[in-house]
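Asker: Would you mind keeping the following structure in view while I ask a few things?
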Amino acid sequence: MANIFVYGTLMTGQPNHYRMLDKANGEAEFLASACTTQKYPLVIATQFNIPFLLNDPGQGHHVQGEIYRVDQCMLRFLDEFEGVPNAYQRTLVQLEVKGTKNCAAGGEEGLEPGNLTEAYAYTKILYPPEWSSLPTYERYDSFGDHGLRYVTREERG
């Protein structure tokens, strides 16, 4: 089992979240909402408006997302879906827990609001230099005010 931090289209309410729920891909259990303890640039790039977490700590914002516990089958699926190691790299990031699936009873494995934990995030180490000057976001929303709606793989033709 591994903990994964999702910050983009795999989050609840976003276009690819259904992939986290599809048992054919493996098991994924929502553990908590969280944000990165370090600032990172979260940008929206390419003609498909894909969110990328640039592995440039200290720049950007404390990025908000969700922590999931995934089994090896889901981890393999996510690595393939995210194009590891060419498109993204799986990087360990430190997170501050914001809320858990059962806040009243407290989180599991020390995942209580305010606690620190680590999880893997899919980050971009190599990227075009112009991406450094793109607007950065604290929280991704495909349907946000930025007007950069994510183009799904099915829509790309």
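Letters A, B, ... go to the chains of the structure tokens in the order shown; residues in each chain start at 1; ligands are counted from 1 in the same order.
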Name the residues in contact with region 6-20 of chain A at a cut-off of 10 Å, using only C-alpha atoms, excluding same-chain residues fewer than 6 positions from it; report them as a PDB file with C-alpha atoms, in the first residue's frame.

Answerer:
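The result, stored in part-v3.pdb:
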```
ATOM      1  CA  GLY A  26      -7.185  -1.357  -8.213  1.00  0.00           C
ATOM      2  CA  GLU A  27      -8.146  -0.087  -4.776  1.00  0.00           C
ATOM      3  CA  ALA A  28      -8.036   3.563  -3.681  1.00  0.00           C
ATOM      4  CA  GLU A  29      -9.284   4.770  -0.310  1.00  0.00           C
ATOM      5  CA  PHE A  30      -9.709   8.477   0.432  1.00  0.00           C
ATOM      6  CA  SER A  33      -7.630  16.486   2.301  1.00  0.00           C
ATOM      7  CA  ALA A  34      -4.223  18.132   2.631  1.00  0.00           C
ATOM      8  CA  CYS A  35      -1.885  20.796   1.321  1.00  0.00           C
ATOM      9  CA  THR A  36       1.820  20.754   0.616  1.00  0.00           C
ATOM     10  CA  LEU A  42       0.814  24.245  -9.945  1.00  0.00           C
ATOM     11  CA  ILE A  44      -2.131  24.521 -16.327  1.00  0.00           C
ATOM     12  CA  ILE A  50      -3.401  19.692 -18.096  1.00  0.00           C
ATOM     13  CA  PRO A  51      -2.489  20.540 -14.484  1.00  0.00           C
ATOM     14  CA  PHE A  52       1.204  20.026 -13.706  1.00  0.00           C
ATOM     15  CA  LEU A  53       2.880  20.237 -10.311  1.00  0.00           C
ATOM     16  CA  VAL A  63      -1.048  23.238  -3.138  1.00  0.00           C
ATOM     17  CA  GLN A  64      -4.319  21.689  -1.969  1.00  0.00           C
ATOM     18  CA  GLY A  65      -5.355  18.152  -2.804  1.00  0.00           C
ATOM     19  CA  GLU A  66      -6.392  14.758  -1.470  1.00  0.00           C
ATOM     20  CA  ILE A  67      -4.511  11.812   0.016  1.00  0.00           C
ATOM     21  CA  TYR A  68      -5.486   8.284  -1.032  1.00  0.00           C
ATOM     22  CA  VAL A  70      -3.758   2.786  -2.972  1.00  0.00           C
ATOM     23  CA  MET A  74      -3.821   1.065  -8.506  1.00  0.00           C
ATOM     24  CA  PHE A  77      -2.348   1.971 -13.068  1.00  0.00           C
ATOM     25  CA  LEU A  78      -1.622   5.539 -11.863  1.00  0.00           C
ATOM     26  CA  PHE A  81      -1.883   6.802 -16.522  1.00  0.00           C
ATOM     27  CA  ALA A 119       2.672  10.909   0.234  1.00  0.00           C
ATOM     28  CA  TYR A 120       3.744  10.490  -3.352  1.00  0.00           C
ATOM     29  CA  ALA A 121       2.695  13.142  -5.858  1.00  0.00           C
ATOM     30  CA  TYR A 122       3.082  13.071  -9.614  1.00  0.00           C
ATOM     31  CA  GLU A 138      -3.330  26.889  -4.947  1.00  0.00           C
ATOM     32  CA  ARG A 139      -6.161  24.529  -5.898  1.00  0.00           C
ATOM     33  CA  TYR A 140      -6.954  23.006  -9.275  1.00  0.00           C
ATOM     34  CA  ASP A 141     -10.462  23.060 -10.687  1.00  0.00           C
ATOM     35  CA  SER A 142     -11.072  22.120 -14.321  1.00  0.00           C
ATOM     36  CA  PHE A 143     -14.191  24.277 -14.239  1.00  0.00           C
ATOM     37  CA  ARG A 149     -11.196  23.482 -18.979  1.00  0.00           C
ATOM     38  CA  TYR A 150      -9.308  20.185 -19.063  1.00  0.00           C
ATOM     39  CA  VAL A 151      -9.607  18.356 -22.388  1.00  0.00           C
ATOM     40  CA  THR A 152     -10.183  14.677 -21.586  1.00  0.00           C
ATOM     41  CA  ARG A 153      -8.288  11.949 -23.390  1.00  0.00           C
TER      42      ARG A 153
END
```

Asker: Would you list, as a ChimeraX atom specification, the residues of region 7-96 of chain A that end up in strand (DSSP E) under DSSP run on this structure's backbone?

Answerer: /A:28-36,42-45,50-54,64-70,89-96

Asker: Keeping C-alpha atoms for every residue in the selection just given, could you write it to a file as an mmCIF file, in the first residue's frame?

Answerer:
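The new file part_18.cif reads:
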```cif
data_model
loop_
_atom_site.group_PDB
_atom_site.id
_atom_site.type_symbol
_atom_site.label_atom_id
_atom_site.label_comp_id
_atom_site.auth_asym_id
_atom_site.auth_seq_id
_atom_site.Cartn_x
_atom_site.Cartn_y
_atom_site.Cartn_z
ATOM 1 C CA ALA A 28 -8.036 3.563 -3.681
ATOM 2 C CA GLU A 29 -9.284 4.770 -0.310
ATOM 3 C CA PHE A 30 -9.709 8.477 0.432
ATOM 4 C CA LEU A 31 -7.840 9.323 3.630
ATOM 5 C CA ALA A 32 -7.736 13.108 3.945
ATOM 6 C CA SER A 33 -7.630 16.486 2.301
ATOM 7 C CA ALA A 34 -4.223 18.132 2.631
ATOM 8 C CA CYS A 35 -1.885 20.796 1.321
ATOM 9 C CA THR A 36 1.820 20.754 0.616
ATOM 10 C CA LEU A 42 0.814 24.245 -9.945
ATOM 11 C CA VAL A 43 0.317 25.317 -13.551
ATOM 12 C CA ILE A 44 -2.131 24.521 -16.327
ATOM 13 C CA ALA A 45 -0.333 23.871 -19.617
ATOM 14 C CA ILE A 50 -3.401 19.692 -18.096
ATOM 15 C CA PRO A 51 -2.489 20.540 -14.484
ATOM 16 C CA PHE A 52 1.204 20.026 -13.706
ATOM 17 C CA LEU A 53 2.880 20.237 -10.311
ATOM 18 C CA LEU A 54 6.352 21.516 -11.149
ATOM 19 C CA GLN A 64 -4.319 21.689 -1.969
ATOM 20 C CA GLY A 65 -5.355 18.152 -2.804
ATOM 21 C CA GLU A 66 -6.392 14.758 -1.470
ATOM 22 C CA ILE A 67 -4.511 11.812 0.016
ATOM 23 C CA TYR A 68 -5.486 8.284 -1.032
ATOM 24 C CA ARG A 69 -4.173 4.936 0.138
ATOM 25 C CA VAL A 70 -3.758 2.786 -2.972
ATOM 26 C CA GLN A 89 7.804 11.459 -11.837
ATOM 27 C CA ARG A 90 6.492 10.047 -8.572
ATOM 28 C CA THR A 91 7.938 12.310 -5.875
ATOM 29 C CA LEU A 92 7.582 12.105 -2.081
ATOM 30 C CA VAL A 93 6.121 15.367 -0.718
ATOM 31 C CA GLN A 94 5.397 16.518 2.821
ATOM 32 C CA LEU A 95 1.780 17.466 3.532
ATOM 33 C CA GLU A 96 -0.305 19.082 6.238
#
```

Asker: Name the closest residue to Pro135 (chain A) among the candidates A:Asn86, A:Thr100, A:Thr123, A:Gln59; distances are taken between atoms, counting only C-alpha atoms.

Answerer: A:Gln59

Asker: Quick one: distance from CA of His61 (chain A) to CA of Gln38 (chain A) in Å, one decimal?

Answerer: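 Interatomic distance here is 7.8 Å.
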
Asker: Taking the DSSP assignment computed from this structure's backbone, write out as a list in words all residues of chain A that belong to alpha helix (DSSP H).

Answerer: Tyr18, Arg19, Met20, Leu21, Gln72, Cys73, Met74, Leu75, Arg76, Phe77, Leu78, Asp79, Glu80 and Phe81 of chain A

Asker: What separation in Å, quoted to one decimal, exists between CA of Glu112 (chain A) and CA of Lys124 (chain A)?

Answerer: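 The value is 28.6 Å.
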
Asker: Taking into account only C-alpha atoms, which residue in the set A:Ser132, A:Ala24, A:Asp56, A:Val97 is nearest to Glu118 (chain A)?

Answerer: A:Val97
